[in-house]
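For reference, structure.cif (mmCIF, C-alpha atoms and all ligand atoms):
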data_start
#
loop_
_atom_site.label_atom_id
_atom_site.label_comp_id
_atom_site.auth_asym_id
_atom_site.auth_seq_id
_atom_site.Cartn_x
_atom_site.Cartn_y
_atom_site.Cartn_z
CA MET A 1 14.65 19.26 -28.42
CA PRO A 2 16.99 16.64 -27.00
CA ASP A 3 19.94 17.52 -29.23
CA GLN A 4 19.92 21.17 -28.33
CA ILE A 5 22.81 22.53 -26.29
CA TYR A 6 21.90 25.23 -23.78
CA VAL A 7 24.45 27.96 -23.09
CA VAL A 8 23.62 29.49 -19.73
CA GLY A 9 25.17 31.92 -17.23
CA HIS A 10 24.80 32.13 -13.46
CA ILE A 11 21.67 32.65 -11.35
CA ASN A 12 20.82 36.29 -10.57
CA PRO A 13 22.13 36.98 -14.06
CA ASP A 14 24.08 40.14 -14.79
CA THR A 15 24.68 41.62 -18.22
CA ASP A 16 27.94 39.73 -18.81
CA SER A 17 26.34 36.38 -18.05
CA VAL A 18 23.39 37.01 -20.39
CA ALA A 19 25.49 38.61 -23.15
CA SER A 20 28.23 35.97 -23.07
CA ALA A 21 25.60 33.21 -23.25
CA MET A 22 24.02 34.86 -26.31
CA GLY A 23 27.40 35.58 -27.89
CA TYR A 24 28.86 32.14 -27.23
CA ALA A 25 25.71 30.39 -28.51
CA TRP A 26 26.04 32.46 -31.69
CA LEU A 27 29.78 31.69 -32.02
CA LEU A 28 29.32 27.93 -31.56
CA ARG A 29 26.59 27.93 -34.21
CA GLU A 30 28.66 29.96 -36.68
CA ARG A 31 32.04 28.39 -36.04
CA ASP A 32 31.19 24.79 -35.17
CA GLY A 33 27.68 24.34 -36.60
CA ALA A 34 26.52 23.40 -33.08
CA ASN A 35 22.81 23.37 -32.24
CA THR A 36 23.13 25.88 -29.41
CA VAL A 37 20.51 28.05 -27.79
CA ALA A 38 21.24 30.86 -25.35
CA ALA A 39 19.50 30.73 -21.98
CA ARG A 40 19.32 32.80 -18.81
CA ALA A 41 19.16 31.43 -15.29
CA GLY A 42 16.69 33.98 -13.94
CA ALA A 43 14.93 37.31 -14.41
CA LEU A 44 16.81 40.04 -16.26
CA ASN A 45 18.12 42.89 -14.14
CA PRO A 46 17.22 46.47 -15.16
CA GLN A 47 20.58 47.04 -16.87
CA THR A 48 20.36 43.91 -19.02
CA SER A 49 16.72 44.63 -19.91
CA TRP A 50 17.77 48.09 -21.10
CA VAL A 51 20.67 46.67 -23.14
CA LEU A 52 18.55 44.06 -24.91
CA LYS A 53 15.75 46.53 -25.58
CA THR A 54 18.19 49.11 -26.97
CA LEU A 55 19.71 46.49 -29.27
CA GLY A 56 16.34 45.08 -30.34
CA LEU A 57 17.23 41.62 -28.97
CA GLU A 58 14.74 39.18 -27.44
CA PRO A 59 15.67 37.95 -23.94
CA PRO A 60 17.14 34.46 -24.11
CA LEU A 61 15.13 31.44 -23.01
CA LEU A 62 14.53 31.14 -19.26
CA LEU A 63 16.18 27.96 -17.94
CA THR A 64 16.30 27.60 -14.17
CA ASP A 65 16.44 23.83 -13.78
CA ALA A 66 18.39 21.22 -15.75
CA SER A 67 16.26 18.30 -14.66
CA PRO A 68 14.82 16.51 -17.74
CA ARG A 69 11.31 17.44 -18.86
CA PHE A 70 8.65 15.40 -20.62
CA GLU A 71 9.43 17.08 -23.95
CA SER A 72 12.79 15.27 -23.96
CA VAL A 73 11.11 11.84 -24.05
CA MET A 74 8.08 12.76 -26.15
CA HIS A 75 7.35 11.19 -29.55
CA ARG A 76 5.27 13.32 -31.88
CA LEU A 77 3.14 10.53 -33.31
CA ASP A 78 0.40 11.00 -35.91
CA SER A 79 -3.03 10.82 -34.36
CA ILE A 80 -6.51 9.81 -35.54
CA SER A 81 -9.98 10.90 -34.55
CA PRO A 82 -12.32 9.00 -32.17
CA ASP A 83 -14.76 8.20 -34.99
CA ALA A 84 -12.17 6.76 -37.36
CA GLN A 85 -12.40 3.02 -37.91
CA LEU A 86 -10.34 0.76 -35.74
CA GLY A 87 -8.60 -0.50 -38.88
CA MET A 88 -6.91 2.89 -39.19
CA ALA A 89 -5.59 2.63 -35.67
CA TRP A 90 -4.25 -0.79 -36.54
CA THR A 91 -2.40 0.64 -39.54
CA LEU A 92 -1.06 3.55 -37.48
CA ALA A 93 0.06 1.23 -34.68
CA SER A 94 2.06 -0.83 -37.14
CA ARG A 95 4.13 2.29 -37.88
CA THR A 96 4.46 3.60 -34.31
CA GLY A 97 5.54 0.43 -32.58
CA GLY A 98 2.17 -0.63 -31.28
CA LEU A 99 0.10 2.39 -30.28
CA ALA A 100 -2.33 4.85 -31.80
CA PRO A 101 -3.10 8.22 -30.15
CA ILE A 102 -6.79 9.11 -30.55
CA VAL A 103 -7.22 12.88 -30.48
CA ASN A 104 -10.43 14.95 -30.49
CA GLU A 105 -11.26 17.46 -33.20
CA ASP A 106 -10.24 20.33 -30.85
CA GLY A 107 -6.78 18.87 -30.27
CA THR A 108 -7.41 17.49 -26.78
CA PRO A 109 -6.42 13.87 -26.14
CA TYR A 110 -9.26 11.31 -26.21
CA GLY A 111 -7.56 7.99 -25.51
CA ILE A 112 -4.74 5.69 -26.52
CA ILE A 113 -5.15 2.40 -28.36
CA ASN A 114 -2.39 -0.07 -27.65
CA GLY A 115 -2.13 -3.84 -27.31
CA LEU A 116 -3.64 -3.89 -23.86
CA SER A 117 -6.63 -1.62 -24.63
CA LEU A 118 -7.36 -3.59 -27.82
CA PHE A 119 -7.25 -6.91 -26.00
CA GLN A 120 -9.57 -5.59 -23.30
CA TYR A 121 -11.99 -4.26 -25.92
CA PHE A 122 -12.17 -7.57 -27.79
CA THR A 123 -12.64 -9.44 -24.54
CA ASP A 124 -15.50 -7.09 -23.65
CA ILE A 125 -17.42 -7.45 -26.91
CA LEU A 126 -16.62 -11.07 -27.75
CA GLY A 127 -16.73 -12.54 -24.29
CA PRO A 128 -14.41 -15.27 -23.06
CA ARG A 129 -15.10 -17.54 -26.09
CA PRO A 130 -15.04 -15.66 -29.39
CA GLY A 131 -17.73 -16.82 -31.80
CA ASP A 132 -17.61 -16.25 -35.52
CA ALA A 133 -17.01 -12.46 -35.58
CA THR A 134 -14.74 -11.63 -38.51
CA VAL A 135 -11.65 -9.45 -38.36
CA ARG A 136 -13.33 -7.14 -40.91
CA GLU A 137 -16.29 -6.58 -38.57
CA MET A 138 -14.08 -5.99 -35.61
CA MET A 139 -11.92 -3.50 -37.50
CA SER A 140 -14.90 -1.40 -38.60
CA ALA A 141 -15.77 -0.37 -35.02
CA PRO A 142 -14.96 3.27 -34.11
CA CYS A 143 -11.63 3.88 -32.42
CA LYS A 144 -13.27 5.51 -29.42
CA ASP A 145 -14.65 2.11 -28.35
CA ALA A 146 -11.23 0.51 -28.07
CA ALA A 147 -9.21 3.37 -26.60
CA ASN A 148 -8.03 3.63 -23.03
CA THR A 149 -9.38 7.01 -21.95
CA SER A 150 -7.80 7.11 -18.49
CA VAL A 151 -4.23 7.82 -19.60
CA PRO A 152 -2.48 10.43 -17.42
CA LYS A 153 -1.42 13.69 -19.13
CA PHE A 154 1.81 15.55 -18.49
CA GLN A 155 2.79 19.00 -19.71
CA SER A 156 5.77 18.98 -22.03
CA ASN A 157 7.70 21.49 -19.89
CA ALA A 158 7.00 19.71 -16.59
CA HIS A 159 9.94 18.02 -14.87
CA ILE A 160 9.83 14.24 -15.02
CA ARG A 161 11.22 13.89 -11.48
CA ASP A 162 8.09 15.58 -10.06
CA SER A 163 5.87 12.80 -11.42
CA LEU A 164 8.27 9.90 -11.13
CA ASN A 165 6.60 8.28 -8.10
CA ARG A 166 3.24 8.34 -9.79
CA ILE A 167 4.69 6.83 -12.97
CA LEU A 168 6.55 4.12 -11.08
CA ARG A 169 3.37 3.10 -9.26
CA ALA A 170 1.06 3.17 -12.28
CA GLU A 171 1.56 0.20 -14.56
CA ILE A 172 0.95 2.13 -17.74
CA ASP A 173 3.24 1.98 -20.76
CA ASP A 174 2.24 5.16 -22.62
CA TYR A 175 1.44 8.66 -21.41
CA TRP A 176 0.06 11.79 -23.02
CA VAL A 177 2.31 14.82 -23.40
CA VAL A 178 0.30 18.04 -23.79
CA ASP A 179 1.06 21.74 -24.15
CA GLU A 180 0.16 24.40 -21.57
CA ASN A 181 -3.39 24.51 -22.99
CA GLY A 182 -3.85 20.77 -22.61
CA LEU A 183 -3.58 20.11 -26.37
CA TYR A 184 -1.97 16.95 -27.75
CA LEU A 185 1.75 17.16 -28.50
CA GLY A 186 2.88 13.55 -28.35
CA VAL A 187 3.19 10.37 -26.37
CA ALA A 188 5.89 9.34 -23.90
CA ARG A 189 6.66 5.69 -23.24
CA GLN A 190 7.42 4.57 -19.73
CA ARG A 191 10.80 3.05 -20.52
CA HIS A 192 11.97 6.39 -21.97
CA ILE A 193 10.51 8.39 -19.08
CA LEU A 194 12.45 6.27 -16.60
CA ASN A 195 15.69 6.87 -18.50
CA PRO A 196 15.47 10.36 -20.02
CA PRO A 197 18.34 11.91 -21.99
CA ARG A 198 20.35 14.47 -20.05
CA LEU A 199 20.09 18.14 -20.95
CA LYS A 200 23.30 19.29 -22.67
CA ILE A 201 24.67 22.37 -20.94
CA ILE A 202 27.52 24.83 -21.43
CA LEU A 203 28.16 27.15 -18.48
CA VAL A 204 29.41 30.68 -19.07
CA ASP A 205 30.49 33.37 -16.60
CA HIS A 206 30.57 31.00 -13.60
CA ASN A 207 31.89 27.58 -12.68
CA GLU A 208 30.57 27.01 -9.15
CA PRO A 209 27.55 24.66 -9.05
CA ARG A 210 26.14 26.77 -6.20
CA GLN A 211 25.78 29.69 -8.63
CA SER A 212 24.31 27.51 -11.34
CA ILE A 213 20.81 26.49 -12.41
CA ALA A 214 19.15 23.82 -10.26
CA ALA A 215 19.76 20.10 -10.82
CA LEU A 216 22.98 20.74 -12.75
CA GLU A 217 24.12 17.26 -11.67
CA GLU A 218 21.28 15.80 -13.77
CA ALA A 219 22.58 17.51 -16.91
CA GLU A 220 25.41 16.59 -19.23
CA LEU A 221 27.94 19.36 -18.72
CA LEU A 222 29.83 19.92 -21.98
CA GLU A 223 31.95 22.96 -21.35
CA ILE A 224 32.74 25.92 -19.05
CA LEU A 225 33.85 29.38 -20.23
CA ASP A 226 34.53 31.74 -17.34
CA HIS A 227 36.67 34.34 -15.61
CA HIS A 228 36.07 33.63 -11.90
CA ARG A 229 37.85 31.71 -9.15
CA LEU A 230 37.54 27.93 -9.34
CA GLY A 231 34.80 26.07 -7.56
CA ASN A 232 33.99 23.83 -10.47
CA PRO A 233 31.79 20.74 -10.32
CA TYR A 234 32.98 17.15 -10.48
CA THR A 235 32.51 15.61 -13.93
CA HIS A 236 32.65 12.04 -15.20
CA GLN A 237 33.92 13.03 -18.62
CA PRO A 238 36.68 15.38 -19.68
CA ILE A 239 35.18 18.72 -20.71
CA ARG A 240 36.41 21.85 -22.44
CA PHE A 241 37.24 24.16 -19.56
CA THR A 242 38.39 27.73 -20.14
CA VAL A 243 38.91 30.03 -17.19
CA ASP A 244 41.05 33.03 -17.90
CA VAL A 245 42.06 36.17 -16.03
CA VAL A 246 40.19 38.82 -17.97
CA GLY A 247 37.57 41.37 -17.01
CA SER A 248 34.56 39.66 -18.56
CA THR A 249 33.39 36.44 -20.16
CA SER A 250 32.24 38.58 -23.10
CA THR A 251 35.95 39.34 -23.68
CA LEU A 252 36.67 35.62 -24.09
CA VAL A 253 33.80 35.24 -26.57
CA ALA A 254 35.01 38.24 -28.60
CA GLU A 255 38.55 36.83 -28.68
CA GLN A 256 37.35 33.44 -29.89
CA ALA A 257 35.27 35.11 -32.62
CA THR A 258 38.33 37.01 -33.80
CA GLU A 259 40.49 33.88 -33.77
CA ALA A 260 37.87 32.15 -35.89
CA GLY A 261 37.95 35.03 -38.39
CA LEU A 262 34.34 35.95 -37.60
CA SER A 263 32.81 39.29 -36.70
CA ALA A 264 29.68 39.28 -34.56
CA PRO A 265 26.50 40.90 -35.95
CA PRO A 266 26.02 44.44 -34.55
CA ALA A 267 23.38 43.50 -31.95
CA ILE A 268 25.38 40.55 -30.57
CA ALA A 269 28.54 42.67 -30.58
CA GLY A 270 26.62 45.41 -28.72
CA ALA A 271 25.46 42.92 -26.10
CA LEU A 272 28.98 41.55 -25.62
CA LEU A 273 30.36 45.08 -25.38
CA SER A 274 27.72 45.86 -22.73
CA GLY A 275 28.73 42.79 -20.72
CA LEU A 276 32.39 43.76 -20.99
CA LEU A 277 31.87 47.41 -20.03
CA SER A 278 29.47 46.49 -17.23
CA ASP A 279 31.85 43.96 -15.63
CA THR A 280 34.89 46.24 -15.97
CA LEU A 281 33.07 49.50 -15.10
CA ILE A 282 34.03 50.89 -18.52
CA LEU A 283 37.53 49.39 -18.43
CA THR A 284 38.42 51.01 -15.07
CA SER A 285 37.97 48.11 -12.65
CA PRO A 286 41.20 46.44 -11.40
CA THR A 287 40.03 43.30 -13.20
CA THR A 288 40.54 45.07 -16.54
CA THR A 289 43.37 43.77 -18.75
CA ALA A 290 44.89 44.86 -22.04
CA ARG A 291 42.94 42.03 -23.63
CA ASP A 292 39.66 43.59 -22.44
CA LYS A 293 40.61 46.91 -23.99
CA ALA A 294 41.48 45.27 -27.30
CA ALA A 295 38.25 43.25 -27.25
CA ALA A 296 36.19 46.37 -26.43
CA GLU A 297 37.66 48.19 -29.40
CA ARG A 298 36.92 45.31 -31.72
CA LEU A 299 33.36 44.90 -30.39
CA ALA A 300 32.81 48.65 -30.74
CA ARG A 301 33.84 48.47 -34.41
CA TRP A 302 31.34 45.65 -34.97
CA ALA A 303 28.57 47.25 -32.89
CA PHE A 304 28.73 50.93 -33.86
CA VAL A 305 28.36 50.41 -37.62
CA GLY A 306 25.90 52.36 -39.76
CA GLY A 307 22.36 51.07 -39.42
CA SER A 308 22.98 49.80 -35.89
CA PRO A 309 21.01 51.35 -33.00
CA LEU A 310 24.42 52.22 -31.51
CA LYS A 311 25.67 54.17 -34.55
CA GLY A 312 27.61 57.24 -33.42
CA GLU A 313 28.26 55.94 -29.89
CA THR A 314 31.74 55.70 -28.38
CA ILE A 315 32.93 53.13 -25.85
CA GLU A 316 32.78 55.87 -23.21
CA SER A 317 29.30 57.18 -24.08
CA PHE A 318 27.76 53.75 -24.50
CA GLY A 319 29.47 52.46 -21.35
CA LYS A 320 28.03 55.32 -19.30
CA ALA A 321 24.55 54.63 -20.69
CA VAL A 322 24.89 50.92 -19.78
CA LEU A 323 26.09 51.63 -16.24
CA SER A 324 23.46 54.23 -15.48
CA ALA A 325 20.71 51.94 -16.81
CA GLY A 326 21.40 49.56 -13.94
CA ALA A 327 22.40 52.08 -11.30
CA GLY A 328 20.42 53.72 -8.57
CA LEU A 329 18.58 52.79 -5.41
CA SER A 330 15.43 54.86 -5.89
CA ASN A 331 13.80 52.89 -8.68
CA ARG A 332 13.96 49.50 -6.93
CA LYS A 333 12.66 48.09 -3.66
CA PRO A 334 15.34 47.42 -1.02
CA GLU A 335 14.62 43.65 -1.29
CA GLU A 336 15.44 43.86 -4.99
CA VAL A 337 18.60 45.88 -4.47
CA VAL A 338 19.99 43.27 -2.07
CA SER A 339 18.97 40.23 -4.13
CA THR A 340 19.37 41.19 -7.82
CA ASP A 341 23.13 40.75 -8.13
CA ILE A 342 24.00 38.37 -5.31
CA LYS A 343 26.41 35.44 -5.20
CA PRO A 344 26.59 32.72 -2.56
CA PHE A 345 29.94 31.53 -1.16
CA GLU A 346 31.35 29.25 1.51
CA GLY A 347 34.61 29.65 3.40
CA GLY A 348 36.08 28.92 6.81
CA GLY A 349 32.90 27.13 7.83
CA PHE A 350 30.73 30.16 7.01
CA LYS A 351 27.93 30.25 4.49
CA PHE A 352 27.47 33.73 3.15
CA ALA A 353 26.48 35.83 0.18
CA VAL A 354 27.82 39.02 -1.32
CA ALA A 355 25.46 41.36 -3.15
CA GLN A 356 26.50 44.35 -5.21
CA ALA A 357 24.53 47.39 -6.33
CA GLU A 358 25.73 50.29 -8.38
CA VAL A 359 25.02 53.98 -7.93
CA THR A 360 26.22 57.03 -9.80
CA ASP A 361 26.40 59.02 -6.57
CA ILE A 362 27.14 57.43 -3.18
CA MET A 363 25.37 60.35 -1.45
CA GLN A 364 22.02 58.80 -2.34
CA LEU A 365 22.81 55.87 -0.01
CA GLY A 366 21.83 57.95 3.05
CA GLU A 367 18.07 57.94 2.61
CA HIS A 368 18.00 54.24 1.60
CA LEU A 369 20.36 52.93 4.24
CA ASP A 370 17.92 51.77 6.92
CA PRO A 371 15.59 49.87 4.57
CA LEU A 372 18.64 48.26 2.94
CA LYS A 373 20.02 47.13 6.32
CA TYR A 374 16.65 45.66 7.20
CA ALA A 375 16.38 43.89 3.82
CA LEU A 376 19.90 42.49 4.25
CA ASP A 377 19.14 41.00 7.70
CA ASP A 378 15.90 39.59 6.34
CA LEU A 379 17.68 37.98 3.39
CA ARG A 380 20.25 36.36 5.68
CA ASP A 381 17.47 34.85 7.82
CA LYS A 382 15.41 33.68 4.85
CA ARG A 383 18.35 31.95 3.17
CA GLY A 384 19.75 30.54 6.41
CA LEU A 385 23.15 32.17 5.89
CA ASP A 386 25.71 33.24 8.47
CA PHE A 387 25.94 36.72 6.99
CA VAL A 388 25.20 38.75 3.87
CA MET A 389 27.21 41.70 2.57
CA LEU A 390 26.11 44.42 0.22
CA LEU A 391 28.72 46.34 -1.71
CA ILE A 392 27.31 49.68 -2.88
CA THR A 393 29.61 50.85 -5.64
CA ASP A 394 29.85 54.41 -6.88
CA VAL A 395 30.65 53.74 -10.52
CA VAL A 396 31.58 57.36 -11.18
CA ARG A 397 34.12 57.75 -8.37
CA GLY A 398 35.26 54.12 -8.39
CA SER A 399 34.64 53.54 -4.69
CA SER A 400 32.30 51.55 -2.45
CA ARG A 401 30.56 51.31 0.88
CA LEU A 402 30.06 47.94 2.52
CA ILE A 403 27.00 46.98 4.55
CA ILE A 404 27.02 43.75 6.58
CA SER A 405 23.96 42.04 8.06
CA GLN A 406 23.80 42.43 11.83
CA PRO A 407 24.90 41.04 14.17
CA ALA A 408 27.96 40.23 12.07
CA PRO A 409 30.33 37.37 12.98
CA PRO A 410 33.10 38.87 15.21
CA ILE A 411 35.82 37.74 12.79
CA LEU A 412 34.58 40.34 10.29
CA SER A 413 35.56 43.18 12.62
CA ASP A 414 39.08 42.68 11.24
CA LEU A 415 38.01 43.71 7.75
CA PRO A 416 40.37 46.42 6.47
CA TYR A 417 37.50 48.79 5.69
CA PRO A 418 37.04 51.45 8.39
CA PRO A 419 33.61 51.59 10.04
CA LEU A 420 31.67 54.83 9.60
CA PRO A 421 29.16 56.37 12.04
CA ASP A 422 26.20 55.29 9.88
CA GLY A 423 27.12 51.61 10.36
CA THR A 424 28.55 51.10 6.89
CA ARG A 425 32.23 50.48 6.12
CA ASP A 426 34.24 52.66 3.80
CA ALA A 427 35.96 50.78 0.99
CA PRO A 428 37.72 53.45 -1.06
CA GLY A 429 38.92 52.21 -4.45
CA VAL A 430 37.04 48.93 -4.09
CA VAL A 431 34.82 48.23 -7.10
CA SER A 432 35.30 44.52 -7.75
CA ARG A 433 33.54 41.95 -5.61
CA LYS A 434 35.51 39.18 -7.27
CA LYS A 435 39.01 40.59 -7.26
CA GLN A 436 39.03 42.98 -4.30
CA LEU A 437 36.34 42.20 -1.73
CA LEU A 438 35.98 38.41 -1.92
CA PRO A 439 39.70 37.52 -1.53
CA VAL A 440 39.86 39.76 1.56
CA VAL A 441 36.73 38.21 3.11
CA LEU A 442 37.75 34.63 2.32
CA GLY A 443 41.31 35.32 3.56
CA LEU A 444 39.85 36.50 6.86
CA LEU A 445 37.40 33.62 7.27
CA GLU A 446 39.90 30.91 6.36
CA ARG A 447 42.94 32.11 8.27
MN MN B 501 31.30 38.21 -15.73
#
Structure rendered as C-alpha cells:
Amino acid sequence: MPDQIYVVGHINPDTDSVASAMGYAWLLRERDGANTVAARAGALNPQTSWVLKTLGLEPPLLLTDASPRFESVMHRLDSISPDAQLGMAWTLASRTGGLAPIVNEDGTPYGIINGLSLFQYFTDILGPRPGDATVREMMSAPCKDAANTSVPKFQSNAHIRDSLNRILRAEIDDYWVVDENGLYLGVARQRHILNPPRLKIILVDHNEPRQSIAALEEAELLEILDHHRLGNPYTHQPIRFTVDVVGSTSTLVAEQATEAGLSAPPAIAGALLSGLLSDTLILTSPTTTARDKAAAERLARWAFVGGSPLKGETIESFGKAVLSAGAGLSNRKPEEVVSTDIKPFEGGGFKFAVAQAEVTDIMQLGEHLDPLKYALDDLRDKRGLDFVMLLITDVVRGSSRLIISQPAPPILSDLPYPPLPDGTRDAPGVVSRKKQLLPVVLGLLER
C-alpha cells in the first residue's frame, strides 16, 4: 500500500505512544480524509494490552523498520495457467507492458513469460534459421514451454535492502512477489525495486530518531506530534512539527479533535484517556497541565457513554485500573522489567538509557532488588552503554527509587538522590523520567 501513511510511536511503546498513534490516525482520516493507519514500534506492554483488550480494540499494525518492502514495488498482474495457449500470454503481455505471469492451479508461481523467455523459446524450437512455421502454430503451444521458471521469489513483507546485492548481480528484469505461504501476489520489475517509494511516516510521542523505528532515514517523514525534549531528525522538506508542553501526546490529539468539532468514538477516546492518565499518573505528575485536565474530562465524556465498556467509570477509577494493569514486579521477569519501558539518550559523551517501572507499593522492591540489579548490569553490557538507570515509581505515593548499573560513572555520585543501604537511591516526589530525572542527569553529565 504505497499511499498509506503510517502513524507510529516510539520503540518500547507505552500506552500513550500506542493510543496517540491510534487516535491521531483516526483524526487524520476523519478530519483530513488521509489514508492513515496506526502502527506500533514493538510489543505491547502489559498495561497497553489490558487497555486495548478492555476497550475491544485490535492492537495496531507492528512496524519496526521503515525500509521499503517488496509489496511497495509489486504489481498485481493477472496471471494465466501453464497449460493455457501462448496466444493468451501474448494478449496478457500487451496489457501488462510485456510480461505474463504463469501461475499454477494451487496459486504457486510457475514461470514468467517476457520478451527474453519468448525469444529463447522460439530460438530453441525453430533453430537459428526459422523455416515455415506459422505464427498461429507457434501461438498454440502451451505457456509452460515458453516461461522462464528460474525467476527468484521474494516475500511481499521482506525488506528490499536485504536482497539488493542479489538483485544487482542477477540480470533479471522481473521478479515474483509471494505471500508468506509462497503463493503468487504479483510481479516486481527491477527498475522499480532499485528505486522504491519511501514509506510515509508520521511520528507521535517522540521526535528523537534513536527512539524511532529502524531505517527512519529511508522513510518520508511527514509530521511529528510530541511532548518531549527536542532531538529531532534532519529533514530535506519542511514538515508539520508540533511539540507542546503537555502531559501526554493523547492530550494533543484530543485537543485537535475538539478544534475540528469532532468527538472520538468511545473506544478511541478510552484509549486516548488511558494514554493521558498513564503518562500523567492520573493527572498528578508534575508534567500535568490544565490542558491535560480539560482533555481528560472531554475524553471521559466521550469514553464513558452508555454502551461503552467503560460506562459508569470515573477518571479516578479508570485511571487506577490502567495504572495497576501495568504495575508490579512479580508478574514479569527482571529482564522484562528493565527493558519494557526504556529510552536511550546521549549526553556529555555518555551513552545511556533510562528505564521506568511502576509499582503500587515500593515495599515490594526488596525481594526483587538483586535480580533487577543483575538484569540492569546485563542490559548495559549487551547494549554497549556507559550506564543504565531504572526508576521504580510508586504510583500511589508519587515517589521513586533509582537503581544504577554498577560500577556507575563517578560523575553520577553527585546525583541529588541520597543513597540508601540497599544500594538504591531515594528520589522522593520524583515520578517523571522526562521532566524530573532526565534534566538532572543530563545537567550533571554535560556540566
Ligand atoms: Mn507520552
Legend entry - A:His368, A:Lys435, A:Arg198, A:Arg136 ranked by distance to ligand MN 501 (chain B), top pick (using all atoms listed in the file):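 The shortest atom-to-atom distance to ligand MN 501 (chain B) comes from A:Lys435.
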Inset, instruction - Please check which residues have atoms at most 9 Å from (21.5, 26.7, -10.1) in the file's coordinates, counting all atoms listed in the file, and write them as a ChimeraX atom specification. - result: /A:10-11,41,64-66,209-216
Kindly provide the residues of chain A that approach ligand MN 501 (chain B) to within 10 Å, each paired with its closest atom pair and their distance in Å to one decimal, based on all atoms listed in the file, listed by chain and increasing number, as CSV.
residue,atom,partner,partner_atom,distance
A:Gly9,CA,B:MN501,MN,8.9
A:His10,CA,B:MN501,MN,9.2
A:Pro13,CA,B:MN501,MN,9.4
A:Asp14,CA,B:MN501,MN,7.5
A:Thr15,CA,B:MN501,MN,7.9
A:Asp16,CA,B:MN501,MN,4.8
A:Ser17,CA,B:MN501,MN,5.8
A:Val18,CA,B:MN501,MN,9.3
A:Ala19,CA,B:MN501,MN,9.4
A:Ser20,CA,B:MN501,MN,8.3
A:Val204,CA,B:MN501,MN,8.5
A:Asp205,CA,B:MN501,MN,5.0
A:His206,CA,B:MN501,MN,7.6
A:Asp226,CA,B:MN501,MN,7.4
A:His227,CA,B:MN501,MN,6.6
A:His228,CA,B:MN501,MN,7.6
A:Val246,CA,B:MN501,MN,9.2
A:Gly247,CA,B:MN501,MN,7.1
A:Ser248,CA,B:MN501,MN,4.6
A:Thr249,CA,B:MN501,MN,5.2
A:Ser250,CA,B:MN501,MN,7.4
A:Thr251,CA,B:MN501,MN,9.3
A:Gly275,CA,B:MN501,MN,7.2
A:Leu276,CA,B:MN501,MN,7.7
A:Ser278,CA,B:MN501,MN,8.6
A:Asp279,CA,B:MN501,MN,5.8
A:Thr280,CA,B:MN501,MN,8.8
A:Lys434,CA,B:MN501,MN,9.5
Limited to C-alpha atoms, could you put the picked residues into a file as an mmCIF file, keeping the file's coordinate frame?
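Saved to selection.cif:
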data_model
loop_
_atom_site.group_PDB
_atom_site.id
_atom_site.type_symbol
_atom_site.label_atom_id
_atom_site.label_comp_id
_atom_site.auth_asym_id
_atom_site.auth_seq_id
_atom_site.Cartn_x
_atom_site.Cartn_y
_atom_site.Cartn_z
ATOM 1 C CA GLY A 9 25.170 31.920 -17.230
ATOM 2 C CA HIS A 10 24.800 32.130 -13.460
ATOM 3 C CA PRO A 13 22.130 36.980 -14.060
ATOM 4 C CA ASP A 14 24.080 40.140 -14.790
ATOM 5 C CA THR A 15 24.680 41.620 -18.220
ATOM 6 C CA ASP A 16 27.940 39.730 -18.810
ATOM 7 C CA SER A 17 26.340 36.380 -18.050
ATOM 8 C CA VAL A 18 23.390 37.010 -20.390
ATOM 9 C CA ALA A 19 25.490 38.610 -23.150
ATOM 10 C CA SER A 20 28.230 35.970 -23.070
ATOM 11 C CA VAL A 204 29.410 30.680 -19.070
ATOM 12 C CA ASP A 205 30.490 33.370 -16.600
ATOM 13 C CA HIS A 206 30.570 31.000 -13.600
ATOM 14 C CA ASP A 226 34.530 31.740 -17.340
ATOM 15 C CA HIS A 227 36.670 34.340 -15.610
ATOM 16 C CA HIS A 228 36.070 33.630 -11.900
ATOM 17 C CA VAL A 246 40.190 38.820 -17.970
ATOM 18 C CA GLY A 247 37.570 41.370 -17.010
ATOM 19 C CA SER A 248 34.560 39.660 -18.560
ATOM 20 C CA THR A 249 33.390 36.440 -20.160
ATOM 21 C CA SER A 250 32.240 38.580 -23.100
ATOM 22 C CA THR A 251 35.950 39.340 -23.680
ATOM 23 C CA GLY A 275 28.730 42.790 -20.720
ATOM 24 C CA LEU A 276 32.390 43.760 -20.990
ATOM 25 C CA SER A 278 29.470 46.490 -17.230
ATOM 26 C CA ASP A 279 31.850 43.960 -15.630
ATOM 27 C CA THR A 280 34.890 46.240 -15.970
ATOM 28 C CA LYS A 434 35.510 39.180 -7.270
#
Inset, instruction - Go through A:Gly423, A:Asp292, A:Ser324, A:Leu445 and flag the residue nearest Val396 (chain A), using all atoms listed in the file for the distances. - result: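 Closest residue, counting all atoms listed in the file: A:Ser324.
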Legend entry - Interatomic distance (Å, one decimal) between CA of Ser274 (chain A) and CA of Asn232 (chain A):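 CA of Asn232 (chain A) lies 26.0 Å from CA of Ser274 (chain A).
Note that CA of Asp386 (chain A) and CA of Gly328 (chain A) are 27.2 Å apart.
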